[in-house]
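What follows is a set of notes on a single structure, which appears directly below.
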Amino acid sequence: MRNLIAFFIRHHVFFVFFLLEIIAVGMLIQSHYYQASRFASSSSAWSGQMLEGYNNSTEYFSLKEINQLLAEENARLKTMRTSTKSDSIVFTNNQYQYISAKVIKNSYNKRNNYLSLNKGSLHGLENGMGVCTQQGVVGIIRDVSEHYATVMSILNKNTVISTRFSKSNHFGELHWDGKSADFAQLQSIEKYVQISVGDSLVTNSYSSIFPEGIPIGTINRFERESTENFYSIEVDLSVDYRNIDFVYVIKDMLKEERKTLEKNQIE
Amino acid sequence: MNKTLTHIIRFFSLVAFQVFFLNNVQISGYLNPYVYILFIMLLPPKLPKAMVLILGFGMGLTMDIFADSYGIHTAATVLLAYIRPNILALVSIKGGEDLEAISIKQLRFGRFFTYTGLLCLIHHFTLFYLEAFRLNEFIDTFGRAFFSTIISLSLILLMESLRSNKNKR
């Protein structure tokens, strides 16, 4: 017993190292599971407050741009209100509730990028909700605390967004290869589908994260290799990740209903 | 000035510089310099090794919280803190026991460059490969890690030479 204790004391540096590394790698592995990533994220109260304070102090410099964006958005909403009066539109507006939030932290140059928002569970945000701007899809909510939330953007290796062509119903999965903040890669579009540069991509309604038809991007270039069954397509993302100030979080009011229905079917 | 206080001030100023400035700077697309590791590099050589490890853990965790990177900074910085005595042994005769503090003035530029360079390489390569976490991006990640190391190292050497010049006067 004494020998054992002496052994531990002699090698205590290694054991401390080993323990700390296990904690760190544990955090990393845990982060790959969707629900369990509450520990150590910028949505925690104190770091969120610091980031928000910093953002408030620098926000002043981009006021002009924000004003312009808001004016454009206003104009768009006005035209939408006057041009649509059919019942189906009213229904979709009731199904999806839009919650506006401010981006207090943003990154786009890492392999895995996250944004932080200044709204949290108190404002109705939950894990797994979609986030977009008026230009298009930004990402999916990953972590929520009372006042803050973090968003896993499209620019993240763990994000997969289900998408379809706006002119046909062929659908595929959007991934990001980590190279440029402007382009993402579209997979699993079979070769017989007719596509051309400039075709636009929108969200589909297969998952309950995004409503149907939110823009994602346009095809920038594509390749047909004879050995593969699928195209390799590069998508020019419609959102400019270098410049995001305000976003909308999309809350699907009928999500629970849809989930229970789909679950019953499996059983 | 009190030595402990110097290190505490260095901790907070490096965190602020990293989080509010460097994390928001875009250098040619996808390079990320990380200079916060200078805090661990400059800790006194006589500090107990376990203490260095714990400080490395604290520094890495702080970075992870602000960057939403879930453990990769912690893992890389703890490894850096563990390797530090070995690298220190490479550049000094008695494994750093003879040094009062680590600085350009104490080690001379060549040895200081080797010391910070090696630690920076180890830290950045661990960090970028943990972040990518898959081998089919091996070459991309290699380039990112390598060029980020160069930028971080230049910043670290610049900051350190400014500091030693100021002390001389």
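The way I read the labels, and the way they are meant: chains A, B, ... in the order of the structure tokens, residue 1 as the first residue of every chain, and ligand 1 as the first ligand shown, with later ones counted on from there.
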**Request:** Compile the contact shell of Leu42 in chain B as an MDAnalysis selection string: residues with an atom at most 12 Å away, counting only C-alpha atoms, same-chain residues fewer than 3 positions apart removed.
**Result:** chainID B and resid 3:4 6:8 10:11 35:39 45:47 52 55:56 81 84:85 88 96 99:104 106:107 112 115:116 119 156 160
**Message:** If the cut-off is 9 Å, can you tell me the residues of chain A near chain B, counting only C-alpha atoms? I'd like them as a ChimeraX atom specification.
**Reply:** /A:12-14,16-17,20-31,37,39-44,47-48,51,54,105-115,150,157,177-181
Resulting file, chosen residues, C-alpha atoms, as an mmCIF file, in the first residue's frame:
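Result written to out-v7.cif:
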```
data_model
loop_
_atom_site.group_PDB
_atom_site.id
_atom_site.type_symbol
_atom_site.label_atom_id
_atom_site.label_comp_id
_atom_site.auth_asym_id
_atom_site.auth_seq_id
_atom_site.Cartn_x
_atom_site.Cartn_y
_atom_site.Cartn_z
ATOM 1 C CA HIS A 12 1.820 12.626 -9.804
ATOM 2 C CA VAL A 13 2.625 14.962 -12.706
ATOM 3 C CA PHE A 14 1.752 12.289 -15.222
ATOM 4 C CA VAL A 16 -2.576 15.033 -13.234
ATOM 5 C CA PHE A 17 -1.787 15.347 -16.947
ATOM 6 C CA LEU A 20 -6.898 16.726 -17.286
ATOM 7 C CA GLU A 21 -6.529 15.323 -20.804
ATOM 8 C CA ILE A 22 -9.346 12.849 -20.156
ATOM 9 C CA ILE A 23 -11.599 15.704 -19.068
ATOM 10 C CA ALA A 24 -10.692 17.686 -22.204
ATOM 11 C CA VAL A 25 -11.155 14.804 -24.628
ATOM 12 C CA GLY A 26 -14.362 13.868 -22.802
ATOM 13 C CA MET A 27 -15.699 17.365 -23.486
ATOM 14 C CA LEU A 28 -14.757 17.006 -27.147
ATOM 15 C CA ILE A 29 -16.434 13.628 -27.550
ATOM 16 C CA GLN A 30 -19.509 14.740 -25.658
ATOM 17 C CA SER A 31 -19.850 17.690 -28.019
ATOM 18 C CA SER A 37 -23.151 20.114 -24.740
ATOM 19 C CA PHE A 39 -20.815 22.447 -20.229
ATOM 20 C CA ALA A 40 -18.322 25.166 -21.172
ATOM 21 C CA SER A 41 -19.934 27.016 -24.024
ATOM 22 C CA SER A 42 -20.226 30.719 -24.651
ATOM 23 C CA SER A 43 -23.938 30.557 -23.898
ATOM 24 C CA SER A 44 -23.046 30.389 -20.202
ATOM 25 C CA SER A 47 -19.037 34.705 -20.854
ATOM 26 C CA GLY A 48 -22.226 35.631 -22.688
ATOM 27 C CA LEU A 51 -19.259 39.019 -25.305
ATOM 28 C CA TYR A 54 -17.954 43.900 -26.209
ATOM 29 C CA LYS A 105 -20.247 36.591 -31.418
ATOM 30 C CA ASN A 106 -19.516 35.268 -34.861
ATOM 31 C CA SER A 107 -16.758 33.206 -36.429
ATOM 32 C CA TYR A 108 -16.250 31.944 -39.963
ATOM 33 C CA ASN A 109 -12.570 31.086 -40.266
ATOM 34 C CA LYS A 110 -12.381 27.951 -38.117
ATOM 35 C CA ARG A 111 -13.157 24.371 -39.070
ATOM 36 C CA ASN A 112 -16.195 24.424 -36.770
ATOM 37 C CA ASN A 113 -17.920 27.756 -36.501
ATOM 38 C CA TYR A 114 -20.484 28.907 -33.971
ATOM 39 C CA LEU A 115 -22.451 32.109 -33.473
ATOM 40 C CA THR A 150 -25.185 29.349 -29.537
ATOM 41 C CA LYS A 157 -18.397 19.886 -40.015
ATOM 42 C CA ASP A 177 -15.539 21.167 -46.402
ATOM 43 C CA GLY A 178 -13.881 23.857 -44.269
ATOM 44 C CA LYS A 179 -12.140 25.748 -47.043
ATOM 45 C CA SER A 180 -14.020 28.941 -47.828
ATOM 46 C CA ALA A 181 -16.768 30.770 -45.938
#
```
**Prompt:** Which one is closest to Arg224 in chain A: A:Ser168, A:Ser162, A:Thr260, A:Gln194? Count only C-alpha atoms.
**Reply:** A:Gln194
**Message:** List the spatial neighbours of range 127-137 of chain A as JSON, numbers by chain - criterion: any atom at most 9 Å away, only C-alpha atoms, same-chain residues fewer than 2 positions off excluded.
**Reply:** {"A": [34, 35, 69, 73, 125, 139, 140, 141, 142, 143, 144, 149, 151, 153, 154, 202, 203, 208, 209, 210, 211, 214, 215, 216, 217, 237, 238, 239, 240, 244, 246, 247, 248, 249, 250, 251, 252]}
**Those in range 15-153 of chain B with helix (DSSP H, G or I) from DSSP, as a ChimeraX atom specification** = /B:15-24,38-41,49-67,72-91,104-132,135-153
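Taking CA of Ile104 in chain A and CA of Thr58 in chain A as endpoints, the distance between them is 10.2 Å.
Using only C-alpha atoms, the nearest neighbour of Phe142 in chain B within the list B:Ile40, B:Leu127, B:Leu162, B:Ala89 is B:Leu127.
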**Message:** Set the distance at 8 Å and use only C-alpha atoms: which residues neighbour Asp236 in chain A once local chain neighbours fewer than 6 positions away are removed? I'd like the list as an MDAnalysis selection string.
**Reply:** chainID A and resid 182:184 217:220
Selection from above, N, CA and C atoms, as a tab-separated table (two decimals), in the first residue's frame, can you write it?
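Printed below is out.tsv as written:
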```tsv
chain	number	residue	atom	x	y	z
A	182	ASP	N	-17.52	31.13	-48.24
A	182	ASP	CA	-18.50	31.49	-49.25
A	182	ASP	C	-19.17	30.27	-49.88
A	183	PHE	N	-18.51	29.10	-49.81
A	183	PHE	CA	-19.01	27.95	-50.55
A	183	PHE	C	-19.22	26.73	-49.65
A	184	ALA	N	-20.30	25.99	-49.93
A	184	ALA	CA	-20.54	24.71	-49.26
A	184	ALA	C	-20.73	23.65	-50.34
A	217	GLY	N	-28.62	28.94	-51.27
A	217	GLY	CA	-27.55	29.43	-52.13
A	217	GLY	C	-27.83	29.07	-53.58
A	218	THR	N	-26.84	29.30	-54.43
A	218	THR	CA	-26.97	28.95	-55.84
A	218	THR	C	-25.78	28.09	-56.23
A	219	ILE	N	-25.95	27.29	-57.27
A	219	ILE	CA	-24.86	26.43	-57.73
A	219	ILE	C	-23.77	27.29	-58.36
A	220	ASN	N	-22.56	27.14	-57.88
A	220	ASN	CA	-21.45	27.93	-58.38
A	220	ASN	C	-20.70	27.18	-59.48
```
